[in-house]
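Enquirer: Coordinates in my_file_6.pdb, PDB, C-alpha atoms, are listed below.
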```pdb
ATOM      1  CA  MET A 168      71.439 130.387  82.715
ATOM      2  CA  THR A 169      74.263 129.340  85.055
ATOM      3  CA  SER A 170      73.882 125.844  86.470
ATOM      4  CA  THR A 171      73.690 125.594  90.271
ATOM      5  CA  LYS A 172      74.477 121.899  90.276
ATOM      6  CA  ALA A 173      77.494 121.204  92.472
ATOM      7  CA  PRO A 174      80.368 119.392  90.782
ATOM      8  CA  GLN A 175      80.992 115.826  91.891
ATOM      9  CA  LEU A 176      84.228 116.735  93.654
ATOM     10  CA  GLN A 177      82.199 118.925  96.044
ATOM     11  CA  GLN A 178      81.609 115.791  98.145
ATOM     12  CA  SER A 179      84.766 116.624 100.104
ATOM     13  CA  THR A 180      83.123 117.962 103.270
ATOM     14  CA  PRO A 181      84.365 117.857 106.879
ATOM     15  CA  GLY A 182      81.926 115.066 107.728
ATOM     16  CA  TRP A 183      83.261 112.956 104.905
ATOM     17  CA  VAL A 184      86.843 112.878 106.213
ATOM     18  CA  LYS A 185      87.539 109.995 108.587
ATOM     19  CA  TRP A 186      89.384 110.586 111.875
ATOM     20  CA  ILE A 187      91.793 107.770 112.803
ATOM     21  CA  SER A 188      93.276 107.662 116.296
ATOM     22  CA  ASP A 189      96.581 106.252 117.461
ATOM     23  CA  GLU A 190      94.587 103.526 119.218
ATOM     24  CA  ASP A 191      93.146 102.431 115.865
ATOM     25  CA  VAL A 192      96.625 102.447 114.313
ATOM     26  CA  PHE A 193      98.164 100.301 117.059
ATOM     27  CA  ARG A 194      95.212  97.909 116.890
ATOM     28  CA  VAL A 195      95.333  97.107 113.161
ATOM     29  CA  LEU A 196      98.951  97.741 112.131
ATOM     30  CA  THR A 197     100.847  94.526 112.842
ATOM     31  CA  TRP A 198     104.490  94.067 111.841
ATOM     32  CA  ASP A 199     103.529  91.430 109.278
ATOM     33  CA  ARG A 200     101.238  93.950 107.591
ATOM     34  CA  LEU A 201     103.501  96.971 107.932
ATOM     35  CA  LEU A 202     106.918  95.611 106.944
ATOM     36  CA  PRO A 203     105.989  94.793 103.308
ATOM     37  CA  ALA A 204     104.410  98.248 102.894
ATOM     38  CA  VAL A 205     107.482 100.077 104.205
ATOM     39  CA  HIS A 206     109.703  97.806 102.090
ATOM     40  CA  ARG A 207     107.699  98.926  99.033
ATOM     41  CA  SER A 208     107.963 102.615  99.975
ATOM     42  CA  LEU A 209     111.765 102.449 100.298
ATOM     43  CA  VAL A 210     111.991 100.921  96.828
ATOM     44  CA  ALA A 211     109.593 103.503  95.372
ATOM     45  CA  TYR A 212     111.586 106.360  96.859
ATOM     46  CA  THR A 213     114.794 105.089  95.239
ATOM     47  CA  GLN A 214     113.016 104.526  91.907
ATOM     48  CA  GLY A 215     112.075 108.209  91.953
ATOM     49  CA  PRO A 216     109.382 110.367  90.353
ATOM     50  CA  ASP A 217     109.985 109.200  86.771
ATOM     51  CA  HIS A 218     109.239 105.539  87.505
ATOM     52  CA  PRO A 219     105.610 104.356  87.077
ATOM     53  CA  GLN A 220     105.656 102.880  90.615
ATOM     54  CA  GLY A 221     108.047 105.480  92.012
ATOM     55  CA  ALA A 222     107.634 108.220  94.581
ATOM     56  CA  VAL A 223     107.700 112.006  94.768
ATOM     57  CA  GLN A 224     109.076 113.512  97.952
ATOM     58  CA  PRO A 225     110.830 116.839  98.506
ATOM     59  CA  LEU A 226     112.886 117.577 101.593
ATOM     60  CA  ARG A 227     110.836 118.397 104.664
ATOM     61  CA  THR A 228     110.144 122.055 105.448
ATOM     62  CA  TRP A 229     111.040 123.447 108.859
ATOM     63  CA  VAL A 230     109.162 126.363 110.413
ATOM     64  CA  LYS A 231     111.051 127.664 113.440
ATOM     65  CA  ILE A 232     109.146 129.407 116.251
ATOM     66  CA  PRO A 233     112.009 130.767 118.406
ATOM     67  CA  GLU A 234     109.865 132.774 120.825
ATOM     68  CA  HIS A 235     108.390 129.467 122.048
ATOM     69  CA  GLN A 236     111.462 127.315 121.294
ATOM     70  CA  GLY A 237     109.338 125.313 118.911
ATOM     71  CA  ASN A 238     109.418 123.849 115.434
ATOM     72  CA  MET A 239     106.843 122.779 112.899
ATOM     73  CA  ILE A 240     107.931 120.280 110.236
ATOM     74  CA  VAL A 241     105.913 119.663 107.071
ATOM     75  CA  MET A 242     106.480 116.424 105.129
ATOM     76  CA  PRO A 243     104.603 115.800 101.851
ATOM     77  CA  GLY A 244     104.891 112.523  99.978
ATOM     78  CA  LEU A 245     103.342 110.686  97.040
ATOM     79  CA  LEU A 246     103.640 107.018  96.191
ATOM     80  CA  LYS A 247     102.371 106.822  92.601
ATOM     81  CA  ASP A 248      99.060 104.992  92.090
ATOM     82  CA  ASP A 249      98.913 104.327  95.819
ATOM     83  CA  ALA A 250      98.981 107.058  98.459
ATOM     84  CA  LEU A 251      99.296 110.820  98.915
ATOM     85  CA  VAL A 252      99.915 112.422 102.321
ATOM     86  CA  VAL A 253     101.203 115.423 104.118
ATOM     87  CA  LYS A 254     102.461 114.978 107.673
ATOM     88  CA  ILE A 255     102.683 117.916 110.062
ATOM     89  CA  ILE A 256     104.902 117.522 113.116
ATOM     90  CA  THR A 257     105.317 120.006 115.943
ATOM     91  CA  HIS A 258     108.016 119.894 118.605
ATOM     92  CA  PHE A 259     107.758 122.297 121.545
ATOM     93  CA  PRO A 260     110.113 121.068 124.321
ATOM     94  CA  MET A 261     108.871 123.745 126.746
ATOM     95  CA  ASN A 262     105.434 122.105 126.778
ATOM     96  CA  ALA A 263     106.616 119.542 129.317
ATOM     97  CA  ALA A 264     106.804 122.195 132.031
ATOM     98  CA  ARG A 265     103.111 122.957 131.370
ATOM     99  CA  GLY A 266     102.037 119.339 131.500
ATOM    100  CA  LEU A 267     101.571 119.195 127.730
ATOM    101  CA  SER A 268     103.025 116.830 125.138
ATOM    102  CA  SER A 269     106.153 118.258 123.511
ATOM    103  CA  PHE A 270     105.599 116.294 120.283
ATOM    104  CA  SER A 271     102.551 115.997 118.080
ATOM    105  CA  ALA A 272     101.889 114.728 114.581
ATOM    106  CA  LEU A 273      98.973 114.729 112.166
ATOM    107  CA  ILE A 274      98.810 112.953 108.812
ATOM    108  CA  VAL A 275      96.358 114.040 106.119
ATOM    109  CA  LEU A 276      95.652 111.174 103.721
ATOM    110  CA  MET A 277      94.321 112.124 100.283
ATOM    111  CA  ARG A 278      93.252 110.225  97.201
ATOM    112  CA  HIS A 279      96.257 109.994  94.915
ATOM    113  CA  ASP A 280      94.072 110.452  91.809
ATOM    114  CA  SER A 281      91.986 113.482  92.882
ATOM    115  CA  GLY A 282      93.715 115.049  95.877
ATOM    116  CA  LEU A 283      90.543 114.846  97.944
ATOM    117  CA  PRO A 284      91.124 114.194 101.661
ATOM    118  CA  VAL A 285      89.817 110.875 102.970
ATOM    119  CA  ALA A 286      91.288 110.699 106.468
ATOM    120  CA  ILE A 287      93.177 112.587 109.141
ATOM    121  CA  LEU A 288      95.325 110.360 111.299
ATOM    122  CA  GLN A 289      96.790 111.067 114.694
ATOM    123  CA  GLY A 290     100.419 110.676 113.664
ATOM    124  CA  GLU A 291     102.444 109.579 116.678
ATOM    125  CA  ALA A 292     101.704 105.863 116.302
ATOM    126  CA  ILE A 293     102.415 105.792 112.561
ATOM    127  CA  THR A 294     105.685 107.661 113.120
ATOM    128  CA  GLU A 295     106.719 105.235 115.849
ATOM    129  CA  LEU A 296     105.873 102.088 113.908
ATOM    130  CA  ARG A 297     107.012 103.008 110.394
ATOM    131  CA  THR A 298     110.399 104.212 111.690
ATOM    132  CA  ALA A 299     111.024 100.888 113.415
ATOM    133  CA  ALA A 300     109.755  99.045 110.344
ATOM    134  CA  ALA A 301     112.275 100.859 108.125
ATOM    135  CA  SER A 302     115.070  99.838 110.500
ATOM    136  CA  ALA A 303     113.813  96.251 110.355
ATOM    137  CA  VAL A 304     113.757  96.246 106.547
ATOM    138  CA  ALA A 305     117.300  97.646 106.461
ATOM    139  CA  THR A 306     118.505  95.142 109.074
ATOM    140  CA  ARG A 307     117.129  92.187 107.133
ATOM    141  CA  GLU A 308     118.740  93.367 103.900
ATOM    142  CA  ILE A 309     122.121  94.116 105.476
ATOM    143  CA  LEU A 310     122.371  90.925 107.545
ATOM    144  CA  GLN A 311     121.541  88.715 104.563
ATOM    145  CA  GLY A 312     124.563  86.670 103.583
ATOM    146  CA  ARG A 313     126.306  87.036 106.971
ATOM    147  CA  LYS A 314     127.436  83.403 107.203
ATOM    148  CA  ASP A 315     129.521  84.226 110.277
ATOM    149  CA  LEU A 316     126.449  85.333 112.240
ATOM    150  CA  ASP A 317     125.016  82.825 114.715
ATOM    151  CA  GLU A 318     121.307  83.358 114.116
ATOM    152  CA  SER A 319     120.364  81.471 117.266
ATOM    153  CA  GLY A 320     122.502  83.706 119.438
ATOM    154  CA  ILE A 321     121.963  87.227 118.091
ATOM    155  CA  ILE A 322     122.303  89.984 120.673
ATOM    156  CA  VAL A 323     120.481  93.283 120.116
ATOM    157  CA  ALA A 324     121.087  96.605 121.856
ATOM    158  CA  VAL A 325     118.544  99.408 122.111
ATOM    159  CA  LEU A 326     119.658 102.864 123.235
ATOM    160  CA  GLY A 327     116.675 104.828 124.444
ATOM    161  CA  ALA A 328     113.518 103.651 126.209
ATOM    162  CA  GLY A 329     110.972 106.017 124.685
ATOM    163  CA  ALA A 330     108.536 105.312 121.859
ATOM    164  CA  GLN A 331     111.261 104.515 119.329
ATOM    165  CA  GLY A 332     113.213 102.369 121.772
ATOM    166  CA  ARG A 333     110.063 100.419 122.562
ATOM    167  CA  SER A 334     109.093  99.870 118.921
ATOM    168  CA  HIS A 335     112.637  98.981 117.840
ATOM    169  CA  ALA A 336     112.942  96.384 120.600
ATOM    170  CA  ARG A 337     109.655  94.821 119.521
ATOM    171  CA  VAL A 338     110.374  94.771 115.789
ATOM    172  CA  MET A 339     113.893  93.385 116.296
ATOM    173  CA  ALA A 340     112.421  90.634 118.456
ATOM    174  CA  HIS A 341     109.929  89.962 115.657
ATOM    175  CA  ILE A 342     112.433  89.655 112.792
ATOM    176  CA  LEU A 343     115.548  88.325 114.560
ATOM    177  CA  LYS A 344     114.324  86.240 117.522
ATOM    178  CA  PRO A 345     117.422  87.390 119.469
ATOM    179  CA  ARG A 346     118.933  85.637 122.444
ATOM    180  CA  LYS A 347     118.634  88.881 124.389
ATOM    181  CA  ILE A 348     117.973  92.594 123.954
ATOM    182  CA  MET A 349     120.039  94.984 126.069
ATOM    183  CA  ILE A 350     118.183  98.195 126.961
ATOM    184  CA  TRP A 351     119.955 101.392 127.995
ATOM    185  CA  ALA A 352     118.312 104.706 128.869
ATOM    186  CA  ARG A 353     119.527 107.854 130.609
ATOM    187  CA  ARG A 354     117.079 107.114 133.415
ATOM    188  CA  LEU A 355     117.554 103.667 134.894
ATOM    189  CA  GLU A 356     113.869 103.502 135.839
ATOM    190  CA  ALA A 357     112.884 103.959 132.182
ATOM    191  CA  SER A 358     115.006 101.024 131.007
ATOM    192  CA  GLN A 359     113.739  98.887 133.904
ATOM    193  CA  GLU A 360     110.113  99.671 133.036
ATOM    194  CA  LEU A 361     110.654  98.880 129.357
ATOM    195  CA  CYS A 362     112.389  95.592 130.199
ATOM    196  CA  GLU A 363     109.513  94.576 132.458
ATOM    197  CA  THR A 364     107.033  95.323 129.676
ATOM    198  CA  LEU A 365     109.045  93.434 127.061
ATOM    199  CA  ASN A 366     109.598  90.452 129.368
ATOM    200  CA  SER A 367     105.845  90.290 129.986
ATOM    201  CA  GLU A 368     105.448  89.975 126.195
ATOM    202  CA  GLY A 369     107.938  87.097 126.038
ATOM    203  CA  ILE A 370     110.816  89.239 124.741
ATOM    204  CA  PRO A 371     114.156  88.533 126.507
ATOM    205  CA  ALA A 372     115.210  92.031 127.562
ATOM    206  CA  GLU A 373     117.835  93.041 130.127
ATOM    207  CA  VAL A 374     118.832  96.379 131.630
ATOM    208  CA  ALA A 375     122.261  97.765 130.728
ATOM    209  CA  SER A 376     123.813 100.191 133.182
ATOM    210  CA  SER A 377     125.874 101.936 130.483
ATOM    211  CA  ILE A 378     125.969 102.356 126.724
ATOM    212  CA  GLN A 379     129.228 100.414 126.586
ATOM    213  CA  GLU A 380     127.663  97.476 128.444
ATOM    214  CA  ALA A 381     124.650  97.553 126.119
ATOM    215  CA  VAL A 382     126.579  97.518 122.833
ATOM    216  CA  LYS A 383     129.852  95.671 123.471
ATOM    217  CA  ASP A 384     128.516  92.235 122.443
ATOM    218  CA  ALA A 385     125.660  93.417 120.239
ATOM    219  CA  ASP A 386     125.292  92.229 116.655
ATOM    220  CA  VAL A 387     122.606  94.864 116.003
ATOM    221  CA  ILE A 388     122.530  98.255 117.735
ATOM    222  CA  ASN A 389     119.488 100.536 117.577
ATOM    223  CA  SER A 390     120.227 104.124 118.575
ATOM    224  CA  CYS A 391     116.886 105.775 119.317
ATOM    225  CA  THR A 392     117.795 108.786 121.421
ATOM    226  CA  ALA A 393     117.040 112.491 121.536
ATOM    227  CA  THR A 394     120.687 113.380 122.070
ATOM    228  CA  SER A 395     122.273 116.263 120.191
ATOM    229  CA  THR A 396     125.858 115.211 121.006
ATOM    230  CA  PRO A 397     127.516 111.856 120.203
ATOM    231  CA  ILE A 398     126.956 109.036 122.699
ATOM    232  CA  LEU A 399     128.084 105.985 120.678
ATOM    233  CA  LYS A 400     131.835 105.412 120.437
ATOM    234  CA  ALA A 401     133.630 103.368 117.763
ATOM    235  CA  GLU A 402     135.762 101.566 120.355
ATOM    236  CA  TRP A 403     132.643 100.076 121.980
ATOM    237  CA  VAL A 404     131.185  98.564 118.793
ATOM    238  CA  LYS A 405     132.368  95.119 117.765
ATOM    239  CA  PRO A 406     133.586  94.453 114.195
ATOM    240  CA  LYS A 407     130.839  93.873 111.602
ATOM    241  CA  ALA A 408     128.072  94.993 113.969
ATOM    242  CA  HIS A 409     125.114  96.714 112.338
ATOM    243  CA  ILE A 410     123.772 100.041 113.658
ATOM    244  CA  ASN A 411     120.334 101.548 113.032
ATOM    245  CA  SER A 412     120.513 105.244 113.900
ATOM    246  CA  VAL A 413     117.126 106.989 113.969
ATOM    247  CA  GLY A 414     117.891 109.972 116.202
ATOM    248  CA  ALA A 415     119.744 113.243 115.461
ATOM    249  CA  PRO A 416     117.522 114.224 112.490
ATOM    250  CA  SER A 417     118.981 117.706 111.938
ATOM    251  CA  PRO A 418     122.373 119.101 110.857
ATOM    252  CA  ASN A 419     123.363 120.266 114.353
ATOM    253  CA  MET A 420     122.676 116.934 116.093
ATOM    254  CA  GLN A 421     124.719 113.715 116.350
ATOM    255  CA  GLU A 422     124.266 110.283 117.930
ATOM    256  CA  MET A 423     127.545 108.705 116.821
ATOM    257  CA  GLU A 424     131.193 109.734 117.100
ATOM    258  CA  GLU A 425     132.509 111.073 113.816
ATOM    259  CA  ASN A 426     135.232 108.417 113.455
ATOM    260  CA  LEU A 427     132.627 105.663 113.894
ATOM    261  CA  VAL A 428     130.587 107.019 110.980
ATOM    262  CA  ARG A 429     133.654 107.589 108.787
ATOM    263  CA  GLU A 430     134.998 104.069 109.357
ATOM    264  CA  ALA A 431     131.666 102.307 108.676
ATOM    265  CA  THR A 432     129.772 101.509 105.486
ATOM    266  CA  VAL A 433     126.815 103.879 105.587
ATOM    267  CA  TYR A 434     123.399 103.124 104.117
ATOM    268  CA  THR A 435     120.423 105.457 104.311
ATOM    269  CA  ASP A 436     116.797 105.839 103.261
ATOM    270  CA  SER A 437     117.549 108.999 101.250
ATOM    271  CA  TYR A 438     120.807 110.403  99.896
ATOM    272  CA  GLU A 439     119.279 113.881  99.754
ATOM    273  CA  ALA A 440     117.999 113.822 103.329
ATOM    274  CA  ALA A 441     121.242 112.335 104.699
ATOM    275  CA  ARG A 442     123.376 114.991 103.035
ATOM    276  CA  ASN A 443     121.132 117.883 104.055
ATOM    277  CA  GLU A 444     119.551 116.868 107.353
ATOM    278  CA  SER A 445     121.794 114.380 109.175
ATOM    279  CA  GLY A 446     124.346 115.831 111.567
ATOM    280  CA  ASP A 447     125.983 112.404 111.804
ATOM    281  CA  ILE A 448     126.717 112.516 108.059
ATOM    282  CA  ILE A 449     127.371 116.237 107.684
ATOM    283  CA  LYS A 450     129.707 116.656 110.663
ATOM    284  CA  SER A 451     131.693 113.476 109.986
ATOM    285  CA  GLY A 452     132.041 114.126 106.269
ATOM    286  CA  ALA A 453     131.298 110.433 105.726
ATOM    287  CA  ALA A 454     130.280 109.138 102.327
ATOM    288  CA  VAL A 455     126.892 107.447 102.031
ATOM    289  CA  PHE A 456     127.453 104.184 100.182
ATOM    290  CA  ALA A 457     123.860 103.384  99.197
ATOM    291  CA  GLU A 458     120.177 103.910  99.770
ATOM    292  CA  ILE A 459     118.540 100.833 101.212
ATOM    293  CA  GLY A 460     116.222 100.892  98.201
ATOM    294  CA  GLU A 461     119.252 100.280  95.985
ATOM    295  CA  VAL A 462     120.175  97.252  98.088
ATOM    296  CA  ILE A 463     116.648  95.851  97.740
ATOM    297  CA  LEU A 464     116.768  96.470  93.970
ATOM    298  CA  GLN A 465     120.227  94.832  93.899
ATOM    299  CA  THR A 466     121.866  97.816  92.210
ATOM    300  CA  LYS A 467     124.200  98.247  95.204
ATOM    301  CA  PRO A 468     125.756  95.415  97.259
ATOM    302  CA  VAL A 469     125.908  94.839 100.988
ATOM    303  CA  LEU A 470     129.488  95.030 102.238
ATOM    304  CA  HIS A 471     130.160  92.850 105.278
ATOM    305  CA  ASP A 472     133.824  93.636 105.877
ATOM    306  CA  LYS A 473     133.220  96.317 108.541
ATOM    307  CA  ILE A 474     130.577  97.987 110.696
ATOM    308  CA  THR A 475     127.419  98.947 108.807
ATOM    309  CA  ILE A 476     125.137 101.872 109.624
ATOM    310  CA  PHE A 477     121.592 102.525 108.461
ATOM    311  CA  LYS A 478     121.076 106.256 108.953
ATOM    312  CA  SER A 479     117.323 106.751 108.952
ATOM    313  CA  LEU A 480     115.903 110.218 108.356
ATOM    314  CA  GLY A 481     112.296 109.114 107.958
ATOM    315  CA  LEU A 482     110.372 109.436 104.707
ATOM    316  CA  ALA A 483     106.914 110.857 104.086
ATOM    317  CA  VAL A 484     106.327 108.007 101.627
ATOM    318  CA  GLU A 485     106.690 105.621 104.591
ATOM    319  CA  ASP A 486     103.910 107.607 106.280
ATOM    320  CA  ALA A 487     101.902 107.466 103.042
ATOM    321  CA  VAL A 488     101.901 103.674 102.681
ATOM    322  CA  SER A 489     101.315 103.218 106.414
ATOM    323  CA  ALA A 490      98.371 105.631 106.520
ATOM    324  CA  GLN A 491      96.841 104.116 103.368
ATOM    325  CA  LEU A 492      97.193 100.630 104.830
ATOM    326  CA  VAL A 493      95.507 101.631 108.096
ATOM    327  CA  TYR A 494      92.694 103.355 106.201
ATOM    328  CA  GLU A 495      92.063 100.262 104.041
ATOM    329  CA  LEU A 496      92.140  97.912 107.044
ATOM    330  CA  LEU A 497      89.600 100.029 108.910
ATOM    331  CA  LYS A 498      87.392 100.284 105.831
ATOM    332  CA  SER A 499      87.525  96.524 105.490
ATOM    333  CA  GLU A 500      86.399  96.156 109.118
ATOM    334  CA  GLU A 501      83.469  98.515 108.541
ATOM    335  CA  ASN A 502      82.363  96.600 105.447
ATOM    336  CA  LYS A 503      82.184  93.228 107.179
TER     337      LYS A 503
END
```
Output the file's structure in the form of structure tokens.
Expert:
Amino acid sequence: MTSTKAPQLQQSTPGWVKWISDEDVFRVLTWDRLLPAVHRSLVAYTQGPDHPQGAVQPLRTWVKIPEHQGNMIVMPGLLKDDALVVKIITHFPMNAARGLSSFSALIVLMRHDSGLPVAILQGEAITELRTAAASAVATREILQGRKDLDESGIIVAVLGAGAQGRSHARVMAHILKPRKIMIWARRLEASQELCETLNSEGIPAEVASSIQEAVKDADVINSCTATSTPILKAEWVKPKAHINSVGAPSPNMQEMEENLVREATVYTDSYEAARNESGDIIKSGAAVFAEIGEVILQTKPVLHDKITIFKSLGLAVEDAVSAQLVYELLKSEENK
């Protein structure tokens, strides 16, 4: 007689999967908690799938929806013995005209040992925070050993006043304690509003009327724009400045002039993603010197003789460690 007893894995039911909102993410995910997790994910990615603590992550998959000028992006990632996720992003620019959000993200968190789903996370907050955290990890690694840098007088520039501009300003204030942060945005009102918010949080932010004004004295530049054509010129950037570039995540987009990228020492989160997905790298023909994971593992050095760039493409393993961390923090709250 055939047994009707359900197997143990049948416990994966819709009611068993936890929903986690962006509000929950922002509430529990502090920089001090997030930065070590993202640091670990960057190392794991570089260690690769054959390492016991490594990561498995293919390139993201793009689904184009031309009749609605939209895209869906699917990003799977596994950090061994830690976290398994798939992130689904949609970008429909035409939504704005209908009063709808043009960007959305969902992250499905699964058990790494069984594949069973444990949580679905609203993904905008994780994307915002883990991207800024990766820039912060890279900035710390690259600025180490800069004996010529006056740590009490660091100037930071942020290009863009959206979610990434906001989070980059906050994380740079957290790790660098800069003398001031110059904010530039295409709309003056946006940079003014962000500066007011940052100032109310005790962060010394000032409005820049142009990109050149924002970056000319900056030791660290964070380019967080949605531009598809270059806005950052080599002649505006001072020698040995460090640039975090998190925009232009596809082959036909650029944030930086080609000669700026070619003349700098370029670091990235992923060789494969940079060579296949970054217009700044592809169009300039620039060589990528190292993954930031190699710098952390001390298999590649930091070169301080010229401008440095961290070209961030964003890794699903960053989403994995972030989502797992949020899930564990919320579980811990529930168990108190």
Enquirer: Just the residues within 9 Å of Ile476 in chain A, please, counting all atoms listed in the file, with nothing from its chain fewer than 6 positions along; format it as a PDB file with C-alpha atoms, in the coordinates of the input.
Expert:
```pdb
ATOM      1  CA  ALA A 408     128.072  94.993 113.969  1.00  0.00           C
ATOM      2  CA  HIS A 409     125.114  96.714 112.338  1.00  0.00           C
ATOM      3  CA  ILE A 410     123.772 100.041 113.658  1.00  0.00           C
ATOM      4  CA  ASN A 411     120.334 101.548 113.032  1.00  0.00           C
ATOM      5  CA  SER A 412     120.513 105.244 113.900  1.00  0.00           C
ATOM      6  CA  VAL A 428     130.587 107.019 110.980  1.00  0.00           C
ATOM      7  CA  ALA A 431     131.666 102.307 108.676  1.00  0.00           C
ATOM      8  CA  THR A 432     129.772 101.509 105.486  1.00  0.00           C
ATOM      9  CA  VAL A 433     126.815 103.879 105.587  1.00  0.00           C
ATOM     10  CA  TYR A 434     123.399 103.124 104.117  1.00  0.00           C
ATOM     11  CA  THR A 435     120.423 105.457 104.311  1.00  0.00           C
TER      12      THR A 435
END
```
Enquirer: Given all atoms listed in the file as the basis, pick out the residue of A:His279, A:Lys498, A:Lys185, A:Lys254 nearest to Asp486 in chain A.
Expert: A:Lys254
Enquirer: With the PyMOL selection byres ((chain A and resi 255-257) around 6) as the selection, what would be picked from this file? Answer as a list of chain:residue names, please.
Expert: A:Asn238, A:Met239, A:Ile240, A:Val241, A:Lys254, A:His258, A:Phe270, A:Ser271, A:Ala272, A:Leu273
Enquirer: Applying the PyMOL selection byres ((chain A and resi 334) around 9) to the file I just gave you, which residues come out? Please list them as a short mmCIF file (atom, residue, chain, number, x, y, z; two decimals) with C-alpha atoms, keeping the file's coordinate frame.
Expert:
```
data_model
loop_
_atom_site.label_atom_id
_atom_site.label_comp_id
_atom_site.auth_asym_id
_atom_site.auth_seq_id
_atom_site.Cartn_x
_atom_site.Cartn_y
_atom_site.Cartn_z
CA GLU A 295 106.72 105.24 115.85
CA LEU A 296 105.87 102.09 113.91
CA THR A 298 110.40 104.21 111.69
CA ALA A 299 111.02 100.89 113.42
CA ALA A 300 109.76 99.04 110.34
CA GLY A 329 110.97 106.02 124.68
CA ALA A 330 108.54 105.31 121.86
CA GLN A 331 111.26 104.52 119.33
CA GLY A 332 113.21 102.37 121.77
CA ARG A 333 110.06 100.42 122.56
CA HIS A 335 112.64 98.98 117.84
CA ALA A 336 112.94 96.38 120.60
CA ARG A 337 109.66 94.82 119.52
CA VAL A 338 110.37 94.77 115.79
CA MET A 339 113.89 93.38 116.30
#
```
Enquirer: Return as a PyMOL selection string the set of residues that the PyMOL selection byres ((chain A and resi 304-315) around 9) yields on the displayed structure.
Expert: chain A and resi 202-203+205-206+299-303+316-317+339+342-343+387+409-411+434-436+459-460+462-463+469-471+475+477
